[in-house]
Structures are given as C-alpha cells and as structure tokens.
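Novice: Take this structure, written in structure tokens, and hold onto it; I'll ask about it next.
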Amino acid sequence: PSTPTTSTMSYLTRGLPVMRAAAQRAAPRAPVAVTRRNMGGHAPVEYEGVDKIVRDKLPEDWQVVLAILGGYFMLYPISKIFSGGKKEAPAPAATGGGGNIPSIADDSFEAWSKIPGNMAKWEAEVAKM
C-alpha cells in the first residue's frame with residue numbers, strides 16, 4: 001500500500017468537515033418539542049363595591065377600557081357646550097401711557113422729538129416709569 005502524499009492529505013483534511021456538514025444536514029432529525037403557551041390567563045377575580053357594579057355591566061377588560069375612553073371623549077363636547085362659546089378678543093395693550101409718543105427705537109422718533117413740546121412729554125413719561 002502506498003502512503004498518501006502531503007498534497008493528498010491536505011485535500012482529505014479540508015474535505016472532511018464539508019462532507020460531515022452535508023451528512024448532518026441530510027440525516028433525519030427528531031421533531032423539536034415546542035411548549036404551548038396560553039398567553040398568561042388569570043384566575044377569576046372577586047370584585048367589591050363600585051368595581052362590582054361596573055363589572056356586572058362590563059365584565060370584560062376591553063369593555064371597561066372603551067367605557068373610560070368614551071367618557072374622556074364626551075368631556076370635550078360637554079365642555080364646549082357649557083363654556084359659553086367664543087370670548088371677545090381682549091383690548092390691545094396700552095402703549096407707553098401717552099399713546100402718541102413713539103418708541104425711542106422707532107425711525108419716526110427723531111422727527112417727532114424735533115416738534116416743540118414733545119421732548120417735555122417724553123421726559124414726563126420717562127419720569128413716570
């Protein structure tokens with residue numbers, strides 16, 4: 001018998017893992033056991049007081065949720081009905097007290113200040129502040 005050469009051994013050693021993987025894929029497998037989950041049901045709850053009255057009318061959780069949401073959504077139209085409609089717009093805020101004195105940052109202030117007596121109005125207005 002002849003001994004395998006180095007190049008032949010390298011082909012064998014490289015080919016073995018590939019052949020082993022193919023054989024494992026082709027082999028029949030046992031079915032995997034899956035645990036059946038029933039999504040966390042709970043035992044019946046005994047209610048007392050107001051909860052008992054509500055649960056007599058609305059036994060399921062989703063019914064209680066819809067009743068609460070309906071109550072919230074009904075608050076809006078009821079508040080609109082009893083609010084008295086639209087309110088009048090408030091009067092605009094008074095400007096600086098005098099009403100006809102322009103702001104010092106306004107472009108027309110320089111021309112306004114050259115009119116006799118206007119600077120006295122402005123100084124009196126500043127003194128009030």
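Chain labels A, B, ... are given in the sequence in which chains occur in the structure tokens; within each chain residues are numbered consecutively from 1, and ligands are likewise numbered from 1 in the order shown.
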Using only C-alpha atoms, which residues sit within 12 Å of region 43-47 of chain A once same-chain residues fewer than 3 positions away are excluded, as a list in words?
Specialist: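 Using only C-alpha atoms, the neighbours found are Gly40, Val50, Asp51, Lys52, Ile53, Val54, Arg55, Asp56, Pro59, Glu60 and Asp61 of chain A.
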Novice: At what distance in Å, to one decimal, does CA of Val18 (chain A) lie from CA of Ala30 (chain A)?
Specialist: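 That distance, rounded to one decimal, is 22.5 Å.
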Novice: Need the shell around region 117-124 of chain A: protein/DNA/RNA residues with any atom at most 10 Å away, counting only C-alpha atoms. Skip same-chain ones fewer than 2 positions apart. Format as a list in words?
Specialist: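 What passes the distance filter is Gly96, Gly98, Asn100, Ile101, Pro102, Ser103, Ile104, Trp112, Ser113, Lys114, Ile115, Val126, Ala127, Lys128 and Met129 of chain A.
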Novice: Produce a file of the selected residues containing all heavy atoms, as a tab-separated table (two decimals), in the first residue's frame.
Specialist:
```tsv
chain	number	residue	atom	x	y	z
A	96	GLY	N	-47.17	102.70	26.28
A	96	GLY	CA	-46.38	103.70	27.00
A	96	GLY	C	-47.15	104.77	27.73
A	96	GLY	O	-46.57	105.77	28.12
A	98	GLY	N	-48.87	107.53	27.09
A	98	GLY	CA	-49.28	108.73	26.34
A	98	GLY	C	-50.04	108.37	25.08
A	98	GLY	O	-50.88	109.13	24.63
A	100	ASN	N	-49.46	108.63	22.02
A	100	ASN	CA	-48.95	109.23	20.78
A	100	ASN	C	-47.44	109.42	20.81
A	100	ASN	O	-46.89	110.05	19.93
A	100	ASN	CB	-49.66	110.55	20.50
A	100	ASN	CG	-49.47	111.55	21.62
A	100	ASN	OD1	-48.91	111.22	22.66
A	100	ASN	ND2	-49.95	112.77	21.41
A	101	ILE	N	-46.76	108.92	21.81
A	101	ILE	CA	-45.30	109.03	21.89
A	101	ILE	C	-44.70	107.77	21.25
A	101	ILE	O	-44.95	106.66	21.71
A	101	ILE	CB	-44.82	109.14	23.35
A	101	ILE	CG1	-45.45	110.37	24.01
A	101	ILE	CG2	-43.31	109.20	23.41
A	101	ILE	CD1	-45.16	110.47	25.49
A	102	PRO	N	-43.93	107.94	20.17
A	102	PRO	CA	-43.33	106.76	19.54
A	102	PRO	C	-42.19	106.21	20.37
A	102	PRO	O	-41.63	106.90	21.23
A	102	PRO	CB	-42.84	107.28	18.19
A	102	PRO	CG	-42.64	108.73	18.39
A	102	PRO	CD	-43.64	109.16	19.43
A	103	SER	N	-41.85	104.99	20.12
A	103	SER	CA	-40.74	104.35	20.82
A	103	SER	C	-39.43	105.02	20.41
A	103	SER	O	-39.28	105.52	19.30
A	103	SER	CB	-40.68	102.87	20.45
A	103	SER	OG	-39.49	102.29	20.93
A	104	ILE	N	-38.47	105.01	21.34
A	104	ILE	CA	-37.17	105.63	21.04
A	104	ILE	C	-36.42	104.85	19.95
A	104	ILE	O	-35.59	105.40	19.24
A	104	ILE	CB	-36.32	105.76	22.33
A	104	ILE	CG1	-35.18	106.73	22.11
A	104	ILE	CG2	-35.80	104.40	22.77
A	104	ILE	CD1	-34.51	107.18	23.38
A	112	TRP	N	-40.25	113.24	15.44
A	112	TRP	CA	-41.22	113.60	16.47
A	112	TRP	C	-40.58	114.44	17.57
A	112	TRP	O	-41.20	115.38	18.10
A	112	TRP	CB	-41.79	112.30	17.06
A	112	TRP	CG	-42.78	112.51	18.17
A	112	TRP	CD1	-44.10	112.76	18.04
A	112	TRP	CD2	-42.49	112.52	19.57
A	112	TRP	NE1	-44.67	112.91	19.28
A	112	TRP	CE2	-43.69	112.77	20.24
A	112	TRP	CE3	-41.34	112.34	20.33
A	112	TRP	CZ2	-43.77	112.84	21.61
A	112	TRP	CZ3	-41.43	112.42	21.69
A	112	TRP	CH2	-42.64	112.66	22.33
A	113	SER	N	-39.33	114.11	17.93
A	113	SER	CA	-38.67	114.83	19.02
A	113	SER	C	-38.32	116.27	18.65
A	113	SER	O	-38.13	117.11	19.53
A	113	SER	CB	-37.40	114.10	19.45
A	113	SER	OG	-36.44	114.10	18.41
A	114	LYS	N	-38.26	116.62	17.35
A	114	LYS	CA	-37.93	117.99	16.91
A	114	LYS	C	-39.13	118.93	17.02
A	114	LYS	O	-38.96	120.15	16.99
A	114	LYS	CB	-37.42	117.95	15.47
A	114	LYS	CG	-36.06	117.27	15.37
A	114	LYS	CD	-35.55	117.26	13.96
A	114	LYS	CE	-34.20	116.53	13.94
A	114	LYS	NZ	-33.69	116.33	12.61
A	115	ILE	N	-40.32	118.39	17.18
A	115	ILE	CA	-41.51	119.22	17.35
A	115	ILE	C	-41.47	119.79	18.76
A	115	ILE	O	-41.25	119.07	19.74
A	115	ILE	CB	-42.78	118.38	17.11
A	115	ILE	CG1	-42.80	117.84	15.69
A	115	ILE	CG2	-44.04	119.19	17.40
A	115	ILE	CD1	-43.90	116.85	15.41
A	126	VAL	N	-41.08	109.29	30.85
A	126	VAL	CA	-39.95	108.50	31.40
A	126	VAL	C	-39.92	108.64	32.92
A	126	VAL	O	-39.63	107.70	33.64
A	126	VAL	CB	-38.62	108.96	30.76
A	126	VAL	CG1	-37.43	108.35	31.47
A	126	VAL	CG2	-38.60	108.60	29.28
A	127	ALA	N	-40.22	109.82	33.44
A	127	ALA	CA	-40.22	110.04	34.89
A	127	ALA	C	-41.30	109.20	35.57
A	127	ALA	O	-41.12	108.78	36.73
A	127	ALA	CB	-40.43	111.51	35.19
A	128	LYS	N	-42.42	108.91	34.90
A	128	LYS	CA	-43.49	108.09	35.47
A	128	LYS	C	-43.03	106.63	35.64
A	128	LYS	O	-43.51	105.94	36.50
A	128	LYS	CB	-44.73	108.11	34.58
A	128	LYS	CG	-45.48	109.41	34.62
A	128	LYS	CD	-46.71	109.27	33.73
A	128	LYS	CE	-47.41	110.58	33.52
A	128	LYS	NZ	-48.55	110.45	32.61
A	129	MET	N	-42.14	106.19	34.78
A	129	MET	CA	-41.70	104.81	34.82
A	129	MET	C	-40.84	104.61	36.00
A	129	MET	O	-40.59	104.19	36.85
A	129	MET	CB	-40.89	104.45	33.57
A	129	MET	CG	-41.73	104.40	32.34
A	129	MET	SD	-40.69	103.84	30.99
A	129	MET	CE	-41.54	104.45	29.60
```
Novice: DSSP on the backbone, then: every residue of region 54-115 of chain A marked helix (DSSP H, G or I), written as number ranges by chain.
Specialist: A: 54-57, 61-82, 109-113
